[in-house]
Amino acid sequence: MLQPFASSEPFTIGVELEVQVVNTHDYNLTKATTELLNRVREETFAGAIDPETTEGMIELSTGVCRNFDQVSNELQVLRDTLVRAADFLNVGVCGGGTNFFQNWYDQRSDGRERSEYLMGLYGALYQQFTIFGQHVHVGCPDADSALVLLHSLSRYVPHFIALAASSPFVQGSDTQFQCARLNSVAPFPLSGQAPFVTEWSEFEQYFERMTNTGLVKSLKDFYWDIRPSPGFGTIEVRVMDTPLRVERAAAIAAYIQALSRYLLIDKPLTLSERDYEVYRTNRFMACRFGLDATCVNPETGQSKPIRDDILATLNAISGHAQALGGQAGLESIRRAVTTGTSDATWLRRVYGAHDSLHEVVRQQCQIWRGAQTLE
């Protein structure tokens, strides 16, 4: 049975970042999660530092935040806490949506019951799921509003993908994608988009039908791009790569927060199941070309560059960002879009300068800890 939708403060946000734990010799993933967690256990900070999927991953989670500054500050404290522990153990930590060197067949479960279950169910598919993403939770006033927001935000999924894209390299090769990480999500049978229902009672009926089939046990079994989290009273946006800096992650969260307020208060969209007719193509284009992609508006059928669409959206949601205290985050987004700078292009530029993926990851580790002047 689906748990009731919890009460939460509308438009509060929480951020989760899956980060890489690498050795400092060849910068492949290394099995240091348990030792890192032991090192940070006595530290005091808001949020959480937890295991995630395999021994080469750790998840950083903020608490419930009201604005960009709070998100940014909490993420920086979590980052610095983890970096200190990593320095003690002589391992590296970094952002980015994929590790360039890990072989999927080397990955092992972190030992938790759910991880063991998923490894047994999905086999090699789950081993290839050693990828690193940013998730953003948005508080919703009620369950029906959560579903409306979920489908409204789906229109902007290409924005989120392009802004966070940081996974051009997989298994030592350039994939030609800005975001290759989502290619590892697509094969899961319960991935994609949530069913088009906008009333919680209908969603409960859908969930009951799915659980009766035995295919799912909880909402976590759905690898949807955006899914409701009734226990938190939120919807969760899940399409972003983990950025190379926590500052970019905080800015993306501020963009999603202001956009959510705009969508629920101003109600600028007329939702329709037809929105999803171009959804997979738009999603692909954002993964392939990032900010340089062109996507189709499902209402008008007209194509528009993602870059231009983000800039227009920033103008539309400016007042909502001001009400939420997120202007600094949105200005950061505007600068990145205007200059065309993305994490994926930075990674390729460093590789082009050094012809070494090892050097790229070394610099990723430095960027993660706050360095400003690398290649």
# chains A, B, ... in the order shown; residues from 1 in each chain; ligands from 1
call {"tool": "closest_atom_pairs", "arguments": {"of": "range 297-361 of chain A", "to": "range 229-244 of chain A", "cutoff": "10 Å", "atoms": "only C-alpha atoms", "output": "CSV"}}
result
residue,atom,partner,partner_atom,distance
A:Ser342,CA,A:Pro243,CA,9.3
A:Asp343,CA,A:Leu244,CA,6.5
A:Ala344,CA,A:Pro243,CA,9.3
A:Trp346,CA,A:Leu244,CA,9.7
A:Leu347,CA,A:Leu244,CA,9.5
call {"tool": "residues_around", "arguments": {"residues": "Leu89 in chain A", "least_positions_apart": "3", "cutoff": "10 Å", "atoms": "only C-alpha atoms", "output": "VMD selection string"}}
result
chain A and resid 23 32 35 to 36 39 83 to 86 92
call {"tool": "residues_around", "arguments": {"residues": "Gln193 in chain A", "least_positions_apart": "2", "cutoff": "7 Å", "atoms": "only C-alpha atoms", "output": "ChimeraX atom specification"}}
result
/A:191,195,224-226
call {"tool": "write_last_selection", "arguments": {"atoms": "N, CA and C atoms", "output": "PDB file, in the first residue's frame"}}
result
ATOM      1  N   SER A 191      11.895   2.550 -15.920  1.00  0.00           N
ATOM      2  CA  SER A 191      12.459   3.895 -16.046  1.00  0.00           C
ATOM      3  C   SER A 191      11.533   4.740 -16.922  1.00  0.00           C
ATOM      4  N   PRO A 195       3.323   7.790 -14.980  1.00  0.00           N
ATOM      5  CA  PRO A 195       2.061   7.773 -15.723  1.00  0.00           C
ATOM      6  C   PRO A 195       1.360   9.120 -15.617  1.00  0.00           C
ATOM      7  N   TRP A 224      11.932   6.501 -12.485  1.00  0.00           N
ATOM      8  CA  TRP A 224      11.407   7.608 -13.272  1.00  0.00           C
ATOM      9  C   TRP A 224      12.315   8.831 -13.178  1.00  0.00           C
ATOM     10  N   ASP A 225      12.265   9.659 -14.215  1.00  0.00           N
ATOM     11  CA  ASP A 225      13.042  10.895 -14.224  1.00  0.00           C
ATOM     12  C   ASP A 225      12.611  11.831 -13.095  1.00  0.00           C
ATOM     13  N   ILE A 226      11.319  11.875 -12.842  1.00  0.00           N
ATOM     14  CA  ILE A 226      10.771  12.626 -11.708  1.00  0.00           C
ATOM     15  C   ILE A 226       9.745  11.711 -11.038  1.00  0.00           C
TER      16      ILE A 226
END
call {"tool": "atom_distance", "arguments": {"atom1": "CA of Tyr206 in chain A", "atom2": "CA of Glu277 in chain A"}}
result
20.8 Å
call {"tool": "select_by_dssp", "arguments": {"residues": "range 31-188 of chain A", "states": "helix (DSSP H, G or I)", "output": "VMD selection string"}}
result
chain A and resid 33 to 40 68 to 89 104 to 106 113 to 122 124 to 127 143 to 154 157 to 164 181 to 184
call {"tool": "atom_distance", "arguments": {"atom1": "CA of Phe207 in chain A", "atom2": "CA of Leu219 in chain A"}}
result
8.2 Å
call {"tool": "closest_residue", "arguments": {"among": "A:Asp292, A:Glu18, A:Glu9, A:Glu273", "to": "Thr339 in chain A", "atoms": "only C-alpha atoms"}}
result
A:Asp292
call {"tool": "atom_distance", "arguments": {"atom1": "CA of Tyr351 in chain A", "atom2": "CA of Gly133 in chain A"}}
result
21.8 Å
call {"tool": "select_by_dssp", "arguments": {"residues": "range 175-358 of chain A", "states": "strand (DSSP E)", "output": "list in words"}}
result
Ser191, Gly192, Tyr223, Trp224, Ile226, Arg227, Pro228, Ser229, Thr234, Ile235, Glu236, Val237, Arg238, Val239, Met240, Asp241, Thr294, Cys295, Val296, Ser303, Lys304 and Pro305 of chain A
